[in-house]
file work_30.cif (mmCIF, N, CA and C atoms)
data_structure
#
loop_
_atom_site.label_atom_id
_atom_site.label_comp_id
_atom_site.auth_asym_id
_atom_site.auth_seq_id
_atom_site.Cartn_x
_atom_site.Cartn_y
_atom_site.Cartn_z
N ASN A 22 -2.46 -21.16 15.03
CA ASN A 22 -1.29 -21.47 14.23
C ASN A 22 -1.61 -21.36 12.73
N GLN A 23 -2.76 -21.91 12.34
CA GLN A 23 -3.19 -21.83 10.95
C GLN A 23 -3.40 -20.37 10.53
N LEU A 24 -3.94 -19.57 11.44
CA LEU A 24 -4.15 -18.15 11.16
C LEU A 24 -2.82 -17.45 10.87
N ALA A 25 -1.81 -17.74 11.65
CA ALA A 25 -0.50 -17.12 11.45
C ALA A 25 0.08 -17.55 10.10
N GLU A 26 -0.09 -18.81 9.74
CA GLU A 26 0.40 -19.30 8.44
C GLU A 26 -0.32 -18.60 7.29
N TYR A 27 -1.65 -18.49 7.39
CA TYR A 27 -2.42 -17.80 6.36
C TYR A 27 -2.00 -16.34 6.25
N SER A 28 -1.85 -15.70 7.40
CA SER A 28 -1.45 -14.29 7.42
C SER A 28 -0.08 -14.12 6.76
N PHE A 29 0.86 -14.98 7.09
CA PHE A 29 2.19 -14.93 6.49
C PHE A 29 2.10 -15.13 4.98
N SER A 30 1.31 -16.13 4.55
CA SER A 30 1.15 -16.41 3.12
C SER A 30 0.53 -15.23 2.38
N MET A 31 -0.44 -14.59 3.00
CA MET A 31 -1.10 -13.44 2.38
C MET A 31 -0.11 -12.30 2.19
N LYS A 32 0.63 -11.98 3.24
CA LYS A 32 1.60 -10.88 3.17
C LYS A 32 2.69 -11.19 2.15
N LYS A 33 3.18 -12.42 2.17
CA LYS A 33 4.24 -12.83 1.25
C LYS A 33 3.76 -12.71 -0.20
N LEU A 34 2.56 -13.19 -0.47
CA LEU A 34 1.99 -13.12 -1.81
C LEU A 34 1.85 -11.66 -2.26
N MET A 35 1.35 -10.81 -1.38
CA MET A 35 1.17 -9.40 -1.73
C MET A 35 2.51 -8.73 -2.03
N GLU A 36 3.52 -9.02 -1.22
CA GLU A 36 4.81 -8.38 -1.40
C GLU A 36 5.57 -8.90 -2.62
N GLU A 37 5.47 -10.20 -2.86
CA GLU A 37 6.21 -10.78 -3.98
C GLU A 37 5.51 -10.59 -5.32
N ALA A 38 4.20 -10.81 -5.35
CA ALA A 38 3.46 -10.73 -6.62
C ALA A 38 2.93 -9.32 -6.91
N GLU A 39 2.98 -8.43 -5.90
CA GLU A 39 2.49 -7.05 -6.03
C GLU A 39 1.08 -6.99 -6.64
N LEU A 40 0.21 -7.84 -6.12
CA LEU A 40 -1.16 -7.91 -6.63
C LEU A 40 -1.94 -6.63 -6.40
N TYR A 41 -1.53 -5.84 -5.43
CA TYR A 41 -2.19 -4.56 -5.14
C TYR A 41 -2.07 -3.57 -6.30
N LEU A 42 -1.16 -3.82 -7.23
CA LEU A 42 -1.01 -2.93 -8.38
C LEU A 42 -2.15 -3.11 -9.39
N LEU A 43 -2.88 -4.20 -9.27
CA LEU A 43 -4.03 -4.45 -10.14
C LEU A 43 -5.20 -3.59 -9.66
N HIS A 44 -5.73 -2.74 -10.54
CA HIS A 44 -6.81 -1.83 -10.15
C HIS A 44 -8.04 -2.54 -9.61
N ASP A 45 -8.37 -3.69 -10.17
CA ASP A 45 -9.60 -4.38 -9.79
C ASP A 45 -9.38 -5.56 -8.85
N PHE A 46 -8.25 -5.57 -8.14
CA PHE A 46 -7.95 -6.69 -7.24
C PHE A 46 -8.95 -6.72 -6.09
N GLN A 47 -9.54 -7.87 -5.87
CA GLN A 47 -10.57 -8.04 -4.84
C GLN A 47 -10.16 -9.17 -3.89
N ILE A 48 -10.83 -9.24 -2.76
CA ILE A 48 -10.54 -10.28 -1.77
C ILE A 48 -10.78 -11.68 -2.34
N ILE A 49 -11.74 -11.79 -3.23
CA ILE A 49 -12.01 -13.09 -3.86
C ILE A 49 -10.80 -13.55 -4.69
N ASP A 50 -10.09 -12.61 -5.30
CA ASP A 50 -8.88 -12.93 -6.07
C ASP A 50 -7.77 -13.44 -5.15
N LEU A 51 -7.64 -12.79 -4.00
CA LEU A 51 -6.64 -13.21 -3.02
C LEU A 51 -6.94 -14.62 -2.53
N ALA A 52 -8.20 -14.85 -2.19
CA ALA A 52 -8.61 -16.17 -1.71
C ALA A 52 -8.34 -17.25 -2.75
N ALA A 53 -8.63 -16.95 -3.99
CA ALA A 53 -8.40 -17.92 -5.07
C ALA A 53 -6.91 -18.21 -5.23
N LYS A 54 -6.07 -17.18 -5.16
CA LYS A 54 -4.62 -17.38 -5.30
C LYS A 54 -4.06 -18.26 -4.18
N LEU A 55 -4.62 -18.10 -2.98
CA LEU A 55 -4.14 -18.85 -1.82
C LEU A 55 -4.90 -20.17 -1.62
N ASP A 56 -5.98 -20.34 -2.40
CA ASP A 56 -6.82 -21.52 -2.30
C ASP A 56 -7.40 -21.69 -0.89
N ILE A 57 -7.91 -20.58 -0.36
CA ILE A 57 -8.61 -20.61 0.92
C ILE A 57 -9.94 -19.88 0.77
N PRO A 58 -10.91 -20.18 1.61
CA PRO A 58 -12.22 -19.51 1.50
C PRO A 58 -12.12 -18.00 1.73
N VAL A 59 -12.97 -17.26 1.05
CA VAL A 59 -12.99 -15.80 1.17
C VAL A 59 -13.20 -15.38 2.62
N HIS A 60 -14.10 -16.06 3.33
CA HIS A 60 -14.37 -15.65 4.71
C HIS A 60 -13.14 -15.85 5.61
N HIS A 61 -12.28 -16.82 5.29
CA HIS A 61 -11.03 -16.96 6.04
C HIS A 61 -10.11 -15.77 5.76
N CYS A 62 -10.00 -15.38 4.50
CA CYS A 62 -9.20 -14.19 4.14
C CYS A 62 -9.68 -12.97 4.89
N SER A 63 -10.97 -12.76 4.86
CA SER A 63 -11.56 -11.60 5.51
C SER A 63 -11.29 -11.63 7.02
N TYR A 64 -11.49 -12.77 7.63
CA TYR A 64 -11.27 -12.90 9.07
C TYR A 64 -9.81 -12.59 9.42
N ILE A 65 -8.88 -13.13 8.68
CA ILE A 65 -7.46 -12.94 8.95
C ILE A 65 -7.07 -11.47 8.78
N ILE A 66 -7.52 -10.86 7.70
CA ILE A 66 -7.19 -9.45 7.47
C ILE A 66 -7.78 -8.57 8.56
N ASN A 67 -9.05 -8.80 8.88
CA ASN A 67 -9.72 -7.97 9.89
C ASN A 67 -9.16 -8.19 11.30
N ASN A 68 -8.93 -9.45 11.67
CA ASN A 68 -8.60 -9.76 13.06
C ASN A 68 -7.12 -10.02 13.33
N HIS A 69 -6.41 -10.53 12.36
CA HIS A 69 -5.00 -10.84 12.57
C HIS A 69 -4.10 -9.70 12.09
N ILE A 70 -4.45 -9.12 10.95
CA ILE A 70 -3.68 -8.00 10.40
C ILE A 70 -4.19 -6.68 10.98
N GLY A 71 -5.48 -6.61 11.27
CA GLY A 71 -6.04 -5.44 11.96
C GLY A 71 -6.56 -4.34 11.07
N LYS A 72 -6.84 -4.65 9.81
CA LYS A 72 -7.41 -3.68 8.88
C LYS A 72 -8.49 -4.38 8.08
N ASN A 73 -9.32 -3.59 7.39
CA ASN A 73 -10.22 -4.23 6.44
C ASN A 73 -9.45 -4.42 5.13
N PHE A 74 -10.00 -5.21 4.22
CA PHE A 74 -9.29 -5.55 3.00
C PHE A 74 -8.86 -4.32 2.21
N ARG A 75 -9.79 -3.38 2.01
CA ARG A 75 -9.50 -2.20 1.20
C ARG A 75 -8.36 -1.38 1.80
N ASP A 76 -8.41 -1.16 3.12
CA ASP A 76 -7.35 -0.39 3.78
C ASP A 76 -6.01 -1.12 3.71
N TRP A 77 -6.05 -2.45 3.84
CA TRP A 77 -4.83 -3.25 3.76
C TRP A 77 -4.18 -3.12 2.38
N ILE A 78 -4.98 -3.27 1.34
CA ILE A 78 -4.49 -3.15 -0.03
C ILE A 78 -3.98 -1.73 -0.29
N ASN A 79 -4.75 -0.75 0.15
CA ASN A 79 -4.35 0.64 -0.08
C ASN A 79 -3.07 1.00 0.66
N GLY A 80 -2.80 0.35 1.79
CA GLY A 80 -1.55 0.56 2.50
C GLY A 80 -0.36 0.15 1.63
N TYR A 81 -0.48 -1.00 0.96
CA TYR A 81 0.56 -1.44 0.04
C TYR A 81 0.71 -0.44 -1.12
N ARG A 82 -0.42 0.05 -1.61
CA ARG A 82 -0.40 0.99 -2.73
C ARG A 82 0.28 2.30 -2.34
N VAL A 83 -0.03 2.80 -1.16
CA VAL A 83 0.59 4.05 -0.68
C VAL A 83 2.11 3.85 -0.54
N ASN A 84 2.51 2.74 0.03
CA ASN A 84 3.95 2.48 0.19
C ASN A 84 4.65 2.35 -1.16
N TYR A 85 3.97 1.72 -2.12
CA TYR A 85 4.53 1.61 -3.47
C TYR A 85 4.68 3.01 -4.07
N PHE A 86 3.64 3.84 -3.91
CA PHE A 86 3.69 5.22 -4.39
C PHE A 86 4.91 5.94 -3.81
N LEU A 87 5.13 5.78 -2.50
CA LEU A 87 6.23 6.48 -1.83
C LEU A 87 7.60 5.99 -2.32
N LYS A 88 7.69 4.76 -2.78
CA LYS A 88 8.94 4.27 -3.35
C LYS A 88 9.13 4.79 -4.77
N GLN A 89 8.03 4.95 -5.51
CA GLN A 89 8.11 5.39 -6.90
C GLN A 89 8.25 6.90 -7.04
N TYR A 90 7.69 7.66 -6.12
CA TYR A 90 7.67 9.12 -6.25
C TYR A 90 9.06 9.73 -6.40
N PRO A 91 10.04 9.34 -5.58
CA PRO A 91 11.38 9.95 -5.76
C PRO A 91 12.00 9.61 -7.12
N ILE A 92 11.64 8.49 -7.68
CA ILE A 92 12.20 8.05 -8.96
C ILE A 92 11.50 8.73 -10.14
N LYS A 93 10.18 8.87 -10.03
CA LYS A 93 9.37 9.32 -11.16
C LYS A 93 8.73 10.69 -10.99
N GLY A 94 8.79 11.25 -9.79
CA GLY A 94 8.06 12.47 -9.47
C GLY A 94 8.38 13.67 -10.34
N ASP A 95 9.60 13.73 -10.87
CA ASP A 95 9.95 14.86 -11.72
C ASP A 95 9.63 14.59 -13.20
N LYS A 96 9.17 13.38 -13.49
CA LYS A 96 8.87 13.01 -14.88
C LYS A 96 7.37 12.89 -15.16
N ILE A 97 6.61 12.39 -14.17
CA ILE A 97 5.17 12.20 -14.35
C ILE A 97 4.42 12.76 -13.14
N THR A 98 3.12 12.92 -13.30
CA THR A 98 2.30 13.54 -12.25
C THR A 98 2.05 12.59 -11.08
N ILE A 99 1.65 13.17 -9.97
CA ILE A 99 1.24 12.38 -8.80
C ILE A 99 0.11 11.44 -9.20
N GLU A 100 -0.82 11.95 -10.01
CA GLU A 100 -1.95 11.12 -10.44
C GLU A 100 -1.47 9.89 -11.23
N ALA A 101 -0.49 10.08 -12.09
CA ALA A 101 0.03 8.97 -12.89
C ALA A 101 0.73 7.94 -11.99
N ILE A 102 1.48 8.41 -11.01
CA ILE A 102 2.15 7.48 -10.10
C ILE A 102 1.11 6.76 -9.24
N ALA A 103 0.09 7.48 -8.80
CA ALA A 103 -0.98 6.86 -8.01
C ALA A 103 -1.68 5.79 -8.84
N ASN A 104 -1.91 6.07 -10.11
CA ASN A 104 -2.54 5.10 -11.00
C ASN A 104 -1.66 3.86 -11.15
N GLU A 105 -0.37 4.06 -11.34
CA GLU A 105 0.57 2.94 -11.43
C GLU A 105 0.61 2.14 -10.13
N SER A 106 0.29 2.79 -9.03
CA SER A 106 0.31 2.15 -7.71
C SER A 106 -0.95 1.33 -7.45
N GLY A 107 -1.90 1.36 -8.38
CA GLY A 107 -3.11 0.54 -8.25
C GLY A 107 -4.37 1.30 -7.94
N PHE A 108 -4.27 2.61 -7.74
CA PHE A 108 -5.46 3.40 -7.43
C PHE A 108 -6.24 3.70 -8.70
N LYS A 109 -7.56 3.54 -8.63
CA LYS A 109 -8.43 3.82 -9.78
C LYS A 109 -8.68 5.31 -9.95
N SER A 110 -8.72 6.03 -8.84
CA SER A 110 -9.04 7.46 -8.92
C SER A 110 -8.15 8.26 -7.99
N LEU A 111 -8.01 9.52 -8.30
CA LEU A 111 -7.21 10.43 -7.49
C LEU A 111 -7.85 10.62 -6.12
N ALA A 112 -9.17 10.69 -6.07
CA ALA A 112 -9.87 10.86 -4.79
C ALA A 112 -9.59 9.68 -3.86
N THR A 113 -9.64 8.47 -4.39
CA THR A 113 -9.36 7.28 -3.59
C THR A 113 -7.92 7.32 -3.09
N PHE A 114 -7.00 7.72 -3.97
CA PHE A 114 -5.60 7.83 -3.58
C PHE A 114 -5.43 8.82 -2.43
N TYR A 115 -5.99 10.03 -2.57
CA TYR A 115 -5.83 11.04 -1.53
C TYR A 115 -6.43 10.57 -0.20
N ASN A 116 -7.60 9.96 -0.25
CA ASN A 116 -8.23 9.47 0.98
C ASN A 116 -7.39 8.37 1.63
N ALA A 117 -6.90 7.43 0.82
CA ALA A 117 -6.10 6.33 1.35
C ALA A 117 -4.77 6.86 1.90
N PHE A 118 -4.16 7.80 1.20
CA PHE A 118 -2.87 8.36 1.64
C PHE A 118 -3.03 9.03 2.99
N LYS A 119 -4.06 9.87 3.11
CA LYS A 119 -4.29 10.59 4.37
C LYS A 119 -4.57 9.60 5.50
N LYS A 120 -5.34 8.56 5.22
CA LYS A 120 -5.66 7.56 6.23
C LYS A 120 -4.40 6.80 6.66
N GLU A 121 -3.54 6.49 5.72
CA GLU A 121 -2.33 5.70 5.99
C GLU A 121 -1.22 6.54 6.64
N LYS A 122 -1.03 7.78 6.17
CA LYS A 122 0.11 8.59 6.61
C LYS A 122 -0.27 9.78 7.49
N GLY A 123 -1.56 10.06 7.61
CA GLY A 123 -2.00 11.14 8.48
C GLY A 123 -1.87 12.53 7.88
N ALA A 124 -1.55 12.62 6.60
CA ALA A 124 -1.42 13.91 5.92
C ALA A 124 -1.66 13.71 4.43
N MET A 125 -1.98 14.80 3.76
CA MET A 125 -2.14 14.73 2.31
C MET A 125 -0.75 14.55 1.67
N PRO A 126 -0.71 13.98 0.47
CA PRO A 126 0.59 13.66 -0.15
C PRO A 126 1.56 14.83 -0.24
N SER A 127 1.12 15.99 -0.72
CA SER A 127 2.06 17.10 -0.89
C SER A 127 2.64 17.54 0.45
N HIS A 128 1.81 17.60 1.48
CA HIS A 128 2.28 17.99 2.82
C HIS A 128 3.25 16.93 3.36
N TYR A 129 2.89 15.68 3.23
CA TYR A 129 3.74 14.58 3.69
C TYR A 129 5.09 14.59 2.97
N LEU A 130 5.05 14.74 1.66
CA LEU A 130 6.29 14.73 0.87
C LEU A 130 7.17 15.93 1.21
N ASN A 131 6.56 17.08 1.46
CA ASN A 131 7.33 18.26 1.87
C ASN A 131 8.00 18.03 3.23
N GLN A 132 7.26 17.41 4.15
CA GLN A 132 7.83 17.09 5.47
C GLN A 132 9.00 16.13 5.33
N GLU A 133 8.83 15.11 4.49
CA GLU A 133 9.91 14.13 4.27
C GLU A 133 11.14 14.81 3.69
N GLU A 134 10.93 15.69 2.73
CA GLU A 134 12.04 16.41 2.11
C GLU A 134 12.76 17.27 3.15
N SER A 135 12.00 17.93 4.00
CA SER A 135 12.59 18.75 5.06
C SER A 135 13.40 17.90 6.03
N ARG A 136 12.86 16.73 6.40
CA ARG A 136 13.58 15.81 7.29
C ARG A 136 14.90 15.36 6.66
N LYS A 137 14.86 15.02 5.38
CA LYS A 137 16.08 14.57 4.69
C LYS A 137 17.13 15.68 4.68
N LEU A 138 16.70 16.90 4.40
CA LEU A 138 17.63 18.03 4.38
C LEU A 138 18.23 18.26 5.75
N LEU A 139 17.40 18.18 6.78
CA LEU A 139 17.87 18.36 8.15
C LEU A 139 18.89 17.29 8.52
N ASN A 140 18.58 16.04 8.19
CA ASN A 140 19.51 14.95 8.48
C ASN A 140 20.83 15.13 7.73
N LYS A 141 20.75 15.57 6.49
CA LYS A 141 21.95 15.78 5.68
C LYS A 141 22.81 16.88 6.31
N GLU A 142 22.16 17.97 6.76
CA GLU A 142 22.89 19.06 7.38
C GLU A 142 23.55 18.61 8.69
N MET A 143 22.87 17.76 9.43
CA MET A 143 23.42 17.27 10.70
C MET A 143 24.62 16.36 10.46
N ILE A 144 24.58 15.59 9.37
CA ILE A 144 25.69 14.69 9.04
C ILE A 144 26.88 15.49 8.53
N ASP A 145 26.60 16.50 7.69
CA ASP A 145 27.67 17.34 7.13
C ASP A 145 28.20 18.21 8.23
#

call {"tool": "encode", "arguments": {"input": "work_30.cif", "output": "structure tokens"}}
result
Amino acid sequence: NQLAEYSFSMKKLMEEAELYLLHDFQIIDLAAKLDIPVHHCSYIINNHIGKNFRDWINGYRVNYFLKQYPIKGDKITIEAIANESGFKSLATFYNAFKKEKGAMPSHYLNQEESRKLLNKEMID
């Protein structure tokens, strides 16, 4: 029961405070914000959420990127949006994106665009 409460608190904090946008955000920072031991954070993320800390944080960052890209993609580079999403480097972004979505960003975004066009044509 305590594990479920901690897991809920962790997810809620990440979604509301968007701590993943901080380039240097570490598990120790999360533990301090929630006032729980680091090893409890690690255990919950690994066993209850099912990812390691870095992959969990990068999942939030990738999703943030995907929300920002349609808004900013024609104004700034993928690298700039990735940086705003909390990634320190382009290489880390590409690796995390591929791990999270199963494809590189340009391929994934092209597929999404094709899906949207197809759905629009089916509706029209």

call {"tool": "atom_distance", "arguments": {"input": "work_30.cif", "atom1": "atom CA of Ser110 of chain A", "atom2": "atom CA of Thr98 of chain A"}}
result
13.3 Å

call {"tool": "atom_distance", "arguments": {"input": "work_30.cif", "atom1": "atom CA of Phe86 of chain A", "atom2": "atom N of Asn68 of chain A"}}
result
25.1 Å

call {"tool": "closest_atom_pairs", "arguments": {"input": "work_30.cif", "of": "segment 95-115 of chain A", "to": "segment 73-81 of chain A", "cutoff": "10 Å", "atoms": "only C-alpha atoms", "output": "Markdown table"}}
result
| residue | atom | partner | partner_atom | distance |
| --- | --- | --- | --- | --- |
| A:Ser106 | CA | A:Tyr81 | CA | 8.5 |
| A:Gly107 | CA | A:Asn79 | CA | 8.3 |
| A:Phe108 | CA | A:Asn79 | CA | 7.9 |
| A:Thr113 | CA | A:Asn79 | CA | 9.0 |
| A:Phe114 | CA | A:Asn79 | CA | 8.1 |

call {"tool": "resolve_selection", "arguments": {"input": "work_30.cif", "expression": "the PyMOL selection byres (((chain A and resi 126 and name CA) around 10) and name CA)", "output": "CSV table (one decimal) with N, CA and C atoms, keeping the file's coordinate frame"}}
result
chain,number,residue,atom,x,y,z
A,83,VAL,N,0.0,2.8,-1.2
A,83,VAL,CA,0.6,4.0,-0.7
A,83,VAL,C,2.1,3.8,-0.5
A,86,PHE,N,3.6,3.8,-3.9
A,86,PHE,CA,3.7,5.2,-4.4
A,86,PHE,C,4.9,5.9,-3.8
A,87,LEU,N,5.1,5.8,-2.5
A,87,LEU,CA,6.2,6.5,-1.8
A,87,LEU,C,7.6,6.0,-2.3
A,99,ILE,N,1.6,13.2,-10.0
A,99,ILE,CA,1.2,12.4,-8.8
A,99,ILE,C,0.1,11.4,-9.2
A,114,PHE,N,-7.0,7.7,-4.0
A,114,PHE,CA,-5.6,7.8,-3.6
A,114,PHE,C,-5.4,8.8,-2.4
A,115,TYR,N,-6.0,10.0,-2.6
A,115,TYR,CA,-5.8,11.0,-1.5
A,115,TYR,C,-6.4,10.6,-0.2
A,116,ASN,N,-7.6,10.0,-0.2
A,116,ASN,CA,-8.2,9.5,1.0
A,116,ASN,C,-7.4,8.4,1.6
A,118,PHE,N,-4.2,7.8,1.2
A,118,PHE,CA,-2.9,8.4,1.6
A,118,PHE,C,-3.0,9.0,3.0
A,119,LYS,N,-4.1,9.9,3.1
A,119,LYS,CA,-4.3,10.6,4.4
A,119,LYS,C,-4.6,9.6,5.5
A,122,LYS,N,-1.0,7.8,6.2
A,122,LYS,CA,0.1,8.6,6.6
A,122,LYS,C,-0.3,9.8,7.5
A,123,GLY,N,-1.6,10.1,7.6
A,123,GLY,CA,-2.0,11.1,8.5
A,123,GLY,C,-1.9,12.5,7.9
A,124,ALA,N,-1.6,12.6,6.6
A,124,ALA,CA,-1.4,13.9,5.9
A,124,ALA,C,-1.7,13.7,4.4
A,125,MET,N,-2.0,14.8,3.8
A,125,MET,CA,-2.1,14.7,2.3
A,125,MET,C,-0.8,14.6,1.7
A,127,SER,N,1.1,16.0,-0.7
A,127,SER,CA,2.1,17.1,-0.9
A,127,SER,C,2.6,17.5,0.4
A,128,HIS,N,1.8,17.6,1.5
A,128,HIS,CA,2.3,18.0,2.8
A,128,HIS,C,3.2,16.9,3.4
A,129,TYR,N,2.9,15.7,3.2
A,129,TYR,CA,3.7,14.6,3.7
A,129,TYR,C,5.1,14.6,3.0
A,130,LEU,N,5.0,14.7,1.7
A,130,LEU,CA,6.3,14.7,0.9
A,130,LEU,C,7.2,15.9,1.2
A,131,ASN,N,6.6,17.1,1.5
A,131,ASN,CA,7.3,18.3,1.9
A,131,ASN,C,8.0,18.0,3.2
A,132,GLN,N,7.3,17.4,4.2
A,132,GLN,CA,7.8,17.1,5.5
A,132,GLN,C,9.0,16.1,5.3

call {"tool": "atom_distance", "arguments": {"input": "work_30.cif", "atom1": "atom CA of Glu36 of chain A", "atom2": "atom CA of Arg136 of chain A"}}
result
27.2 Å

call {"tool": "resolve_selection", "arguments": {"input": "work_30.cif", "expression": "the PyMOL selection byres (((chain A and resi 26-34 and name CA) around 9) and name CA)", "output": "short mmCIF file (atom, residue, chain, number, x, y, z; two decimals) with N, CA and C atoms, keeping the file's coordinate frame"}}
result
data_model
loop_
_atom_site.label_atom_id
_atom_site.label_comp_id
_atom_site.auth_asym_id
_atom_site.auth_seq_id
_atom_site.Cartn_x
_atom_site.Cartn_y
_atom_site.Cartn_z
N ASN A 22 -2.46 -21.16 15.03
CA ASN A 22 -1.29 -21.47 14.23
C ASN A 22 -1.61 -21.36 12.73
N GLN A 23 -2.76 -21.91 12.34
CA GLN A 23 -3.19 -21.83 10.95
C GLN A 23 -3.40 -20.37 10.53
N LEU A 24 -3.94 -19.57 11.44
CA LEU A 24 -4.15 -18.15 11.16
C LEU A 24 -2.82 -17.45 10.87
N ALA A 25 -1.81 -17.74 11.65
CA ALA A 25 -0.50 -17.12 11.45
C ALA A 25 0.08 -17.55 10.10
N MET A 35 1.35 -10.81 -1.38
CA MET A 35 1.17 -9.40 -1.73
C MET A 35 2.51 -8.73 -2.03
N GLU A 36 3.52 -9.02 -1.22
CA GLU A 36 4.81 -8.38 -1.40
C GLU A 36 5.57 -8.90 -2.62
N GLU A 37 5.47 -10.20 -2.86
CA GLU A 37 6.21 -10.78 -3.98
C GLU A 37 5.51 -10.59 -5.32
N ALA A 38 4.20 -10.81 -5.35
CA ALA A 38 3.46 -10.73 -6.62
C ALA A 38 2.93 -9.32 -6.91
N GLU A 39 2.98 -8.43 -5.90
CA GLU A 39 2.49 -7.05 -6.03
C GLU A 39 1.08 -6.99 -6.64
N LEU A 40 0.21 -7.84 -6.12
CA LEU A 40 -1.16 -7.91 -6.63
C LEU A 40 -1.94 -6.63 -6.40
N LEU A 51 -7.64 -12.79 -4.00
CA LEU A 51 -6.64 -13.21 -3.02
C LEU A 51 -6.94 -14.62 -2.53
N ALA A 52 -8.20 -14.85 -2.19
CA ALA A 52 -8.61 -16.17 -1.71
C ALA A 52 -8.34 -17.25 -2.75
N LYS A 54 -6.07 -17.18 -5.16
CA LYS A 54 -4.62 -17.38 -5.30
C LYS A 54 -4.06 -18.26 -4.18
N LEU A 55 -4.62 -18.10 -2.98
CA LEU A 55 -4.14 -18.85 -1.82
C LEU A 55 -4.90 -20.17 -1.62
N ILE A 57 -7.91 -20.58 -0.36
CA ILE A 57 -8.61 -20.61 0.92
C ILE A 57 -9.94 -19.88 0.77
N HIS A 61 -12.28 -16.82 5.29
CA HIS A 61 -11.03 -16.96 6.04
C HIS A 61 -10.11 -15.77 5.76
N CYS A 62 -10.00 -15.38 4.50
CA CYS A 62 -9.20 -14.19 4.14
C CYS A 62 -9.68 -12.97 4.89
N ILE A 65 -8.88 -13.13 8.68
CA ILE A 65 -7.46 -12.94 8.95
C ILE A 65 -7.07 -11.47 8.78
N ILE A 66 -7.52 -10.86 7.70
CA ILE A 66 -7.19 -9.45 7.47
C ILE A 66 -7.78 -8.57 8.56
N HIS A 69 -6.41 -10.53 12.36
CA HIS A 69 -5.00 -10.84 12.57
C HIS A 69 -4.10 -9.70 12.09
N ILE A 70 -4.45 -9.12 10.95
CA ILE A 70 -3.68 -8.00 10.40
C ILE A 70 -4.19 -6.68 10.98
#

call {"tool": "select_by_dssp", "arguments": {"input": "work_30.cif", "residues": "chain A", "states": "alpha helix (DSSP H)", "output": "ChimeraX atom specification"}}
result
/A:23-38,48-55,59-64,74-93,99-105,111-122,126-144

call {"tool": "decode", "arguments": {"input": "work_30.cif", "residues": "segment 74-86 of chain A", "atoms": "N, CA and C atoms", "output": "CSV table (one decimal), in the first residue's frame"}}
result
chain,number,residue,atom,x,y,z
A,74,PHE,N,15.6,4.7,-13.2
A,74,PHE,CA,15.3,6.1,-13.1
A,74,PHE,C,15.5,6.9,-14.4
A,75,ARG,N,16.7,6.7,-15.0
A,75,ARG,CA,17.0,7.5,-16.2
A,75,ARG,C,16.0,7.2,-17.3
A,76,ASP,N,15.6,6.0,-17.6
A,76,ASP,CA,14.6,5.7,-18.6
A,76,ASP,C,13.2,6.3,-18.2
A,77,TRP,N,12.9,6.3,-16.9
A,77,TRP,CA,11.6,6.9,-16.5
A,77,TRP,C,11.6,8.4,-16.8
A,78,ILE,N,12.7,9.0,-16.4
A,78,ILE,CA,12.8,10.5,-16.6
A,78,ILE,C,12.7,10.8,-18.1
A,79,ASN,N,13.5,10.0,-18.9
A,79,ASN,CA,13.6,10.3,-20.3
A,79,ASN,C,12.3,10.0,-21.0
A,80,GLY,N,11.4,9.1,-20.5
A,80,GLY,CA,10.1,8.9,-21.0
A,80,GLY,C,9.3,10.2,-20.9
A,81,TYR,N,9.3,10.8,-19.8
A,81,TYR,CA,8.7,12.1,-19.6
A,81,TYR,C,9.2,13.1,-20.6
A,82,ARG,N,10.5,13.2,-20.8
A,82,ARG,CA,11.1,14.1,-21.7
A,82,ARG,C,10.7,13.9,-23.1
A,83,VAL,N,10.7,12.6,-23.5
A,83,VAL,CA,10.3,12.3,-24.9
A,83,VAL,C,8.8,12.8,-25.1
A,84,ASN,N,7.9,12.5,-24.2
A,84,ASN,CA,6.5,12.9,-24.3
A,84,ASN,C,6.4,14.4,-24.3
A,85,TYR,N,7.2,15.1,-23.5
A,85,TYR,CA,7.2,16.5,-23.6
A,85,TYR,C,7.6,17.0,-24.9
A,86,PHE,N,8.7,16.4,-25.5
A,86,PHE,CA,9.2,16.8,-26.8
A,86,PHE,C,8.0,16.6,-27.8
